[in-house]
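Colleague: Before we start, here is the structure in question, set down as structure tokens.
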Amino acid sequence: MKFIAVTRPVSETIATCELTHLSREPIDLDRARAQHLAYEQALERAAHCEVVRVAAAADLPDAVFIEDTAVVLDEVAIIARPGAASRRAETEGVAGVLSRYRELRYIEEPGTLDGGDVVVAGRRVFAGRTSRTNEAGIAQVRAMLAPFGYKVQGVDVHGCLHLKSAATLLSETQLLVNPAWISREAFEGIELLEIDPREPYAANILKAGDDYLYSPAFPRTAERLQRSLQLNLVDMSELAKAEGAVTCCSLILTSG
Ligand code: CIR
């Protein structure tokens with residue numbers, strides 16, 4: 001199976017990005033771009049993905065966080081309607097690229113949905129209720145995916161930006177989680193591996209095929225993970241100041 005990682009360059013306006021849980025700190029644009037390039041190289045070399053870039057969008061500060069603009073499944077791609085109004089224009093360029101690979105569906109008003117709120121585990125789809133994703137958005141995803149046999153479940157998220165800040169996929173039956181930000185009951189039947197509580201942001205890991213990208217900012221959780229997984233460490237420290245993490249900067253899709 002071949003994997004494609006769709007990415008988008010870091011915009012020169014990233015300093016004016018949306019921020020919810022962090023205070024604004026200066027972002028070194030060159031350093032952010034160098035880290036993003038290293039991330040793309042890790043996707044190519046370590047995770048064996050073909051990297052396909054959406055054209056840069058200088059006037060869209062958060063464009064690099066492409067994960068939020070869509071949810072891509074094997075059968076279809078859902079184009080999101082981001083909860084932050086400043087991010088809505090990001091979807092157009094992404095939809096153009098994704099239409100090469102998938103049929104598209106669109107989240108429509110009054111629905112809002114950030115892709116960062118959606119975790120797909122086999123035929124189970126978990127959708128976070130957050131400041132970015134509302135019940136109408138989740139209901140639209142449920143209706144769009146029912147014909148393909150996916151079961152969509154809403155999950156309450158507290159204290160973080162997206163569901164994927166609190167829970168990401170290790171395998172179809174196992175998630176890496178920060179239990180402080182979600183309730184375990186929503187994930188019945190799924191094994192939950194907990195982060196080290198001293199590293200609250202550590203629940204974000206990117207799985208591409210059988211390979212994993214992870215941030216070196218969380219050494220204690222990394223040590224737990226390395227007992228059973230091989231991690232490719234990518235420094236995302238500059239993009240983390242914009243509240244981004246490893247999953248946010250790509251959309252991974254299967255092809256061929
Ligand atoms: C935002 O607030 O929308 C961006 N500054 C960060 C988005 C991070 N995306 C993600 O976690 N999926």
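Chain lettering (A, B, ...) mirrors the order of the structure tokens, residue numbering begins at 1 for each chain separately, and ligand numbering begins at 1 in order of display.
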Please report, as a list in words, each residue of range 87-188 of chain A to which DSSP assigns strand (DSSP E) when run on this structure's backbone.

Modeller: Leu104, Arg105, Tyr106, Val118, Val119, Val120, Ala121, Arg124, Val125, Phe126, Ala127, Gly128, Arg129, Lys151, Val152, Gln153, Gly154, Val155, Asp156, Ala167, Thr168, Leu169, Leu170, Ser171, Gln174, Leu175, Leu176 and Val177 of chain A

Colleague: Could you please take those selected residues and save N, CA and C atoms as a short mmCIF file (atom, residue, chain, number, x, y, z; two decimals), in the first residue's frame?

Modeller:
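Output below, filename again32.cif:
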data_model
loop_
_atom_site.label_atom_id
_atom_site.label_comp_id
_atom_site.auth_asym_id
_atom_site.auth_seq_id
_atom_site.Cartn_x
_atom_site.Cartn_y
_atom_site.Cartn_z
N LEU A 104 -15.42 14.11 -2.85
CA LEU A 104 -15.48 15.05 -1.72
C LEU A 104 -16.91 15.21 -1.19
N ARG A 105 -17.00 15.41 0.10
CA ARG A 105 -18.24 15.83 0.77
C ARG A 105 -17.87 17.08 1.56
N TYR A 106 -18.85 17.94 1.82
CA TYR A 106 -18.57 19.22 2.51
C TYR A 106 -19.41 19.39 3.77
N VAL A 118 -11.15 14.66 14.83
CA VAL A 118 -11.66 13.37 14.36
C VAL A 118 -10.57 12.30 14.38
N VAL A 119 -10.84 11.24 15.12
CA VAL A 119 -9.92 10.10 15.19
C VAL A 119 -10.64 8.89 14.58
N VAL A 120 -10.00 8.28 13.59
CA VAL A 120 -10.60 7.13 12.92
C VAL A 120 -9.86 5.87 13.36
N ALA A 121 -10.61 4.94 13.95
CA ALA A 121 -10.02 3.67 14.40
C ALA A 121 -10.79 2.55 13.73
N ARG A 124 -14.66 2.65 13.47
CA ARG A 124 -15.16 3.54 14.52
C ARG A 124 -14.53 4.91 14.35
N VAL A 125 -15.37 5.92 14.42
CA VAL A 125 -14.89 7.30 14.26
C VAL A 125 -15.27 8.07 15.52
N PHE A 126 -14.28 8.65 16.18
CA PHE A 126 -14.52 9.45 17.38
C PHE A 126 -14.41 10.93 16.98
N ALA A 127 -15.44 11.71 17.36
CA ALA A 127 -15.44 13.13 16.98
C ALA A 127 -15.59 13.97 18.24
N GLY A 128 -14.60 14.81 18.49
CA GLY A 128 -14.58 15.62 19.71
C GLY A 128 -15.55 16.78 19.64
N ARG A 129 -16.26 17.00 20.75
CA ARG A 129 -17.07 18.22 20.89
C ARG A 129 -16.15 19.24 21.54
N LYS A 151 -19.19 4.01 12.21
CA LYS A 151 -20.04 4.42 13.33
C LYS A 151 -19.36 5.63 13.98
N VAL A 152 -20.07 6.75 14.01
CA VAL A 152 -19.47 8.00 14.51
C VAL A 152 -19.99 8.29 15.92
N GLN A 153 -19.06 8.50 16.82
CA GLN A 153 -19.42 8.73 18.22
C GLN A 153 -18.86 10.08 18.69
N GLY A 154 -19.72 10.92 19.26
CA GLY A 154 -19.26 12.20 19.82
C GLY A 154 -18.55 11.96 21.14
N VAL A 155 -17.50 12.74 21.38
CA VAL A 155 -16.70 12.59 22.60
C VAL A 155 -16.52 13.97 23.23
N ASP A 156 -16.81 14.08 24.53
CA ASP A 156 -16.56 15.35 25.23
C ASP A 156 -15.06 15.54 25.44
N ALA A 167 -6.05 12.45 22.28
CA ALA A 167 -6.14 11.04 21.89
C ALA A 167 -5.76 10.88 20.43
N THR A 168 -4.78 10.02 20.16
CA THR A 168 -4.45 9.71 18.76
C THR A 168 -4.20 8.21 18.61
N LEU A 169 -4.19 7.80 17.36
CA LEU A 169 -4.19 6.37 17.05
C LEU A 169 -2.80 5.74 17.15
N LEU A 170 -2.73 4.62 17.87
CA LEU A 170 -1.53 3.78 17.83
C LEU A 170 -1.80 2.58 16.93
N SER A 171 -3.02 2.05 17.04
CA SER A 171 -3.46 0.99 16.12
C SER A 171 -4.99 1.05 16.12
N GLN A 174 -6.00 0.60 19.65
CA GLN A 174 -5.23 1.21 20.74
C GLN A 174 -4.99 2.70 20.47
N LEU A 175 -5.29 3.52 21.49
CA LEU A 175 -5.05 4.96 21.37
C LEU A 175 -4.05 5.40 22.44
N LEU A 176 -3.31 6.44 22.11
CA LEU A 176 -2.45 7.12 23.10
C LEU A 176 -3.29 8.27 23.64
N VAL A 177 -3.45 8.37 24.95
CA VAL A 177 -4.38 9.37 25.49
C VAL A 177 -3.80 10.14 26.68
#

Colleague: Do you know which residues are within 10 Å of ligand 1 using only C-alpha atoms and all ligand atoms? Can you write them as number ranges by chain?

Modeller: A: 14-22, 61-69, 82-87, 114-118, 132, 160-166, 204, 239-250

Colleague: Show me, as a count of residues only, the residues that have an atom within 7 Å of Arg53 in chain A when counting only C-alpha atoms, minus same-chain residues fewer than 2 positions from it.

Modeller: 5

Colleague: Please, what distance in Å, to one decimal, runs between CA of Leu251 in chain A and CA of Ala77 in chain A?

Modeller: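 So the two atoms, CA of Leu251 in chain A and CA of Ala77 in chain A, lie 10.5 Å apart.
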
Colleague: With distances taken over only C-alpha atoms, which of A:Glu75, A:Asp211, A:Glu223, A:Glu108 is nearest to Arg45 in chain A?

Modeller: A:Asp211
